[in-house]
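*Asks:* Dropping the structure in here first, questions after.
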Amino acid sequence: MSDFARSYRSMGALRIMLHTLALAFILLLPFAEPARILEGPALFFGGILPATAPLVFVVIMFDVMMCRIMKSDADGERVVQLGFIIRVHLAIGLVLLGLWLLSFRSVLLG
């Protein structure tokens, strides 16, 4: 098993599930297009998906904040592990935020 996989598995089940949810949003956001009138599948892709993606982003950023707080009091190997978690969170969070903003390009740019 590679070092990345070992480090990733050591993050814990909740963080892995959070990343899995964020990756599902990342895969689905290119198909999202916000609209005023929503019914059927358009309700999911035009309403629910764009509305809940920022919530996932905020949860990721809250965990980044908590990792930074825990890192200030940690020592040795735990500091390295928390730094890895922060980097992975930021990478996934920025991709999620970027795709969320792209899904609103028609609304934001006219």
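Labels for the structure tokens follow display order: chains A, B, ..., residues from 1 in each chain, ligands from 1.
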Please list as number ranges by chain every residue within 12 Å of region 4-6 of chain A, counting only C-alpha atoms and excluding residues in the same chain fewer than 3 positions away.
*Replies:* A: 1, 9-12, 16, 81, 84-85, 88
*Asks:* Selection from above, C-alpha atoms, as an mmCIF file, in the first residue's frame, can you write it?
*Replies:*
```cif
data_model
loop_
_atom_site.group_PDB
_atom_site.id
_atom_site.type_symbol
_atom_site.label_atom_id
_atom_site.label_comp_id
_atom_site.auth_asym_id
_atom_site.auth_seq_id
_atom_site.Cartn_x
_atom_site.Cartn_y
_atom_site.Cartn_z
ATOM 1 C CA MET A 1 0.000 0.000 0.000
ATOM 2 C CA ARG A 9 -6.998 5.658 5.420
ATOM 3 C CA SER A 10 -5.614 7.008 8.701
ATOM 4 C CA MET A 11 -7.807 10.127 8.362
ATOM 5 C CA GLY A 12 -10.811 8.233 9.649
ATOM 6 C CA ILE A 16 -13.404 9.697 4.062
ATOM 7 C CA GLN A 81 -1.048 13.759 9.779
ATOM 8 C CA PHE A 84 -1.920 16.015 5.281
ATOM 9 C CA ILE A 85 -5.613 16.216 6.192
ATOM 10 C CA VAL A 88 -6.436 17.078 1.090
#
```
*Asks:* Which parts of chain A does DSSP call helix (DSSP H, G or I) when run on the backbone here, written out as a PyMOL selection string?
*Replies:* chain A and resi 3-9+13-31+41-73+77-103+105-109
*Asks:* What would the file look like if the residues just selected were written as a PDB file, in the first residue's frame with C-alpha atoms?
*Replies:*
```
ATOM      1  CA  ASP A   3       2.115   6.178   1.583  1.00  0.00           C
ATOM      2  CA  PHE A   4      -0.766   8.296   0.254  1.00  0.00           C
ATOM      3  CA  ALA A   5      -3.262   5.448   0.657  1.00  0.00           C
ATOM      4  CA  ARG A   6      -1.981   4.679   4.146  1.00  0.00           C
ATOM      5  CA  SER A   7      -2.184   8.345   5.154  1.00  0.00           C
ATOM      6  CA  TYR A   8      -5.618   8.694   3.573  1.00  0.00           C
ATOM      7  CA  ARG A   9      -6.998   5.658   5.420  1.00  0.00           C
ATOM      8  CA  ALA A  13     -14.154   7.055   8.331  1.00  0.00           C
ATOM      9  CA  LEU A  14     -16.043  10.336   8.752  1.00  0.00           C
ATOM     10  CA  ARG A  15     -13.514  12.359   6.772  1.00  0.00           C
ATOM     11  CA  ILE A  16     -13.404   9.697   4.062  1.00  0.00           C
ATOM     12  CA  MET A  17     -17.214   9.758   3.843  1.00  0.00           C
ATOM     13  CA  LEU A  18     -17.122  13.573   3.659  1.00  0.00           C
ATOM     14  CA  HIS A  19     -14.646  13.360   0.775  1.00  0.00           C
ATOM     15  CA  THR A  20     -16.788  10.722  -0.932  1.00  0.00           C
ATOM     16  CA  LEU A  21     -19.797  13.031  -0.716  1.00  0.00           C
ATOM     17  CA  ALA A  22     -17.744  15.958  -2.022  1.00  0.00           C
ATOM     18  CA  LEU A  23     -16.437  13.844  -4.918  1.00  0.00           C
ATOM     19  CA  ALA A  24     -20.021  12.832  -5.791  1.00  0.00           C
ATOM     20  CA  PHE A  25     -20.918  16.530  -5.890  1.00  0.00           C
ATOM     21  CA  ILE A  26     -17.834  17.229  -8.016  1.00  0.00           C
ATOM     22  CA  LEU A  27     -18.937  14.580 -10.517  1.00  0.00           C
ATOM     23  CA  LEU A  28     -22.547  15.835 -10.638  1.00  0.00           C
ATOM     24  CA  LEU A  29     -22.043  19.622 -10.555  1.00  0.00           C
ATOM     25  CA  PRO A  30     -21.095  19.912 -14.258  1.00  0.00           C
ATOM     26  CA  PHE A  31     -24.660  18.780 -15.039  1.00  0.00           C
ATOM     27  CA  PRO A  41     -35.113  15.592 -12.442  1.00  0.00           C
ATOM     28  CA  ALA A  42     -34.500  19.314 -12.963  1.00  0.00           C
ATOM     29  CA  LEU A  43     -35.401  19.786  -9.299  1.00  0.00           C
ATOM     30  CA  PHE A  44     -32.354  17.749  -8.268  1.00  0.00           C
ATOM     31  CA  PHE A  45     -29.901  19.199 -10.794  1.00  0.00           C
ATOM     32  CA  GLY A  46     -31.280  22.739 -10.738  1.00  0.00           C
ATOM     33  CA  GLY A  47     -32.202  23.149  -7.097  1.00  0.00           C
ATOM     34  CA  ILE A  48     -30.988  20.580  -4.608  1.00  0.00           C
ATOM     35  CA  LEU A  49     -27.474  20.016  -5.978  1.00  0.00           C
ATOM     36  CA  PRO A  50     -26.493  23.706  -6.297  1.00  0.00           C
ATOM     37  CA  ALA A  51     -28.050  24.504  -2.912  1.00  0.00           C
ATOM     38  CA  THR A  52     -26.318  21.751  -0.945  1.00  0.00           C
ATOM     39  CA  ALA A  53     -22.826  21.881  -2.502  1.00  0.00           C
ATOM     40  CA  PRO A  54     -21.870  24.988  -0.474  1.00  0.00           C
ATOM     41  CA  LEU A  55     -22.963  23.194   2.699  1.00  0.00           C
ATOM     42  CA  VAL A  56     -20.503  20.382   2.004  1.00  0.00           C
ATOM     43  CA  PHE A  57     -17.816  22.996   1.297  1.00  0.00           C
ATOM     44  CA  VAL A  58     -18.518  24.725   4.623  1.00  0.00           C
ATOM     45  CA  VAL A  59     -18.291  21.433   6.541  1.00  0.00           C
ATOM     46  CA  ILE A  60     -14.929  20.731   4.883  1.00  0.00           C
ATOM     47  CA  MET A  61     -13.678  24.203   5.827  1.00  0.00           C
ATOM     48  CA  PHE A  62     -14.906  23.755   9.421  1.00  0.00           C
ATOM     49  CA  ASP A  63     -12.845  20.581   9.616  1.00  0.00           C
ATOM     50  CA  VAL A  64      -9.837  22.468   8.210  1.00  0.00           C
ATOM     51  CA  MET A  65     -10.285  25.005  11.003  1.00  0.00           C
ATOM     52  CA  MET A  66     -10.522  22.264  13.631  1.00  0.00           C
ATOM     53  CA  CYS A  67      -7.425  20.541  12.221  1.00  0.00           C
ATOM     54  CA  ARG A  68      -5.506  23.819  12.458  1.00  0.00           C
ATOM     55  CA  ILE A  69      -6.603  24.212  16.076  1.00  0.00           C
ATOM     56  CA  MET A  70      -5.660  20.606  16.935  1.00  0.00           C
ATOM     57  CA  LYS A  71      -2.354  20.987  15.070  1.00  0.00           C
ATOM     58  CA  SER A  72      -1.308  23.847  17.347  1.00  0.00           C
ATOM     59  CA  ASP A  73      -1.398  21.508  20.348  1.00  0.00           C
ATOM     60  CA  GLU A  77       3.547  12.436  13.809  1.00  0.00           C
ATOM     61  CA  ARG A  78       0.125  13.954  14.593  1.00  0.00           C
ATOM     62  CA  VAL A  79       1.272  17.329  13.190  1.00  0.00           C
ATOM     63  CA  VAL A  80       2.267  15.629   9.930  1.00  0.00           C
ATOM     64  CA  GLN A  81      -1.048  13.759   9.779  1.00  0.00           C
ATOM     65  CA  LEU A  82      -3.096  16.913  10.424  1.00  0.00           C
ATOM     66  CA  GLY A  83      -1.094  18.772   7.774  1.00  0.00           C
ATOM     67  CA  PHE A  84      -1.920  16.015   5.281  1.00  0.00           C
ATOM     68  CA  ILE A  85      -5.613  16.216   6.192  1.00  0.00           C
ATOM     69  CA  ILE A  86      -5.624  19.992   5.729  1.00  0.00           C
ATOM     70  CA  ARG A  87      -3.977  19.735   2.297  1.00  0.00           C
ATOM     71  CA  VAL A  88      -6.436  17.078   1.090  1.00  0.00           C
ATOM     72  CA  HIS A  89      -9.401  19.051   2.443  1.00  0.00           C
ATOM     73  CA  LEU A  90      -8.248  22.232   0.717  1.00  0.00           C
ATOM     74  CA  ALA A  91      -7.677  20.466  -2.603  1.00  0.00           C
ATOM     75  CA  ILE A  92     -11.106  18.825  -2.621  1.00  0.00           C
ATOM     76  CA  GLY A  93     -12.807  21.946  -1.244  1.00  0.00           C
ATOM     77  CA  LEU A  94     -11.344  24.250  -3.881  1.00  0.00           C
ATOM     78  CA  VAL A  95     -12.352  21.918  -6.715  1.00  0.00           C
ATOM     79  CA  LEU A  96     -15.868  21.695  -5.266  1.00  0.00           C
ATOM     80  CA  LEU A  97     -16.117  25.478  -4.915  1.00  0.00           C
ATOM     81  CA  GLY A  98     -14.810  26.038  -8.438  1.00  0.00           C
ATOM     82  CA  LEU A  99     -17.315  23.650  -9.983  1.00  0.00           C
ATOM     83  CA  TRP A 100     -20.121  25.164  -7.926  1.00  0.00           C
ATOM     84  CA  LEU A 101     -19.234  28.624  -9.240  1.00  0.00           C
ATOM     85  CA  LEU A 102     -19.087  27.255 -12.797  1.00  0.00           C
ATOM     86  CA  SER A 103     -22.587  25.822 -12.411  1.00  0.00           C
ATOM     87  CA  ARG A 105     -21.922  30.928 -14.717  1.00  0.00           C
ATOM     88  CA  SER A 106     -25.126  31.542 -16.702  1.00  0.00           C
ATOM     89  CA  VAL A 107     -26.774  33.219 -13.716  1.00  0.00           C
ATOM     90  CA  LEU A 108     -23.711  35.231 -12.679  1.00  0.00           C
ATOM     91  CA  LEU A 109     -22.557  36.330 -16.146  1.00  0.00           C
TER      92      LEU A 109
END
```
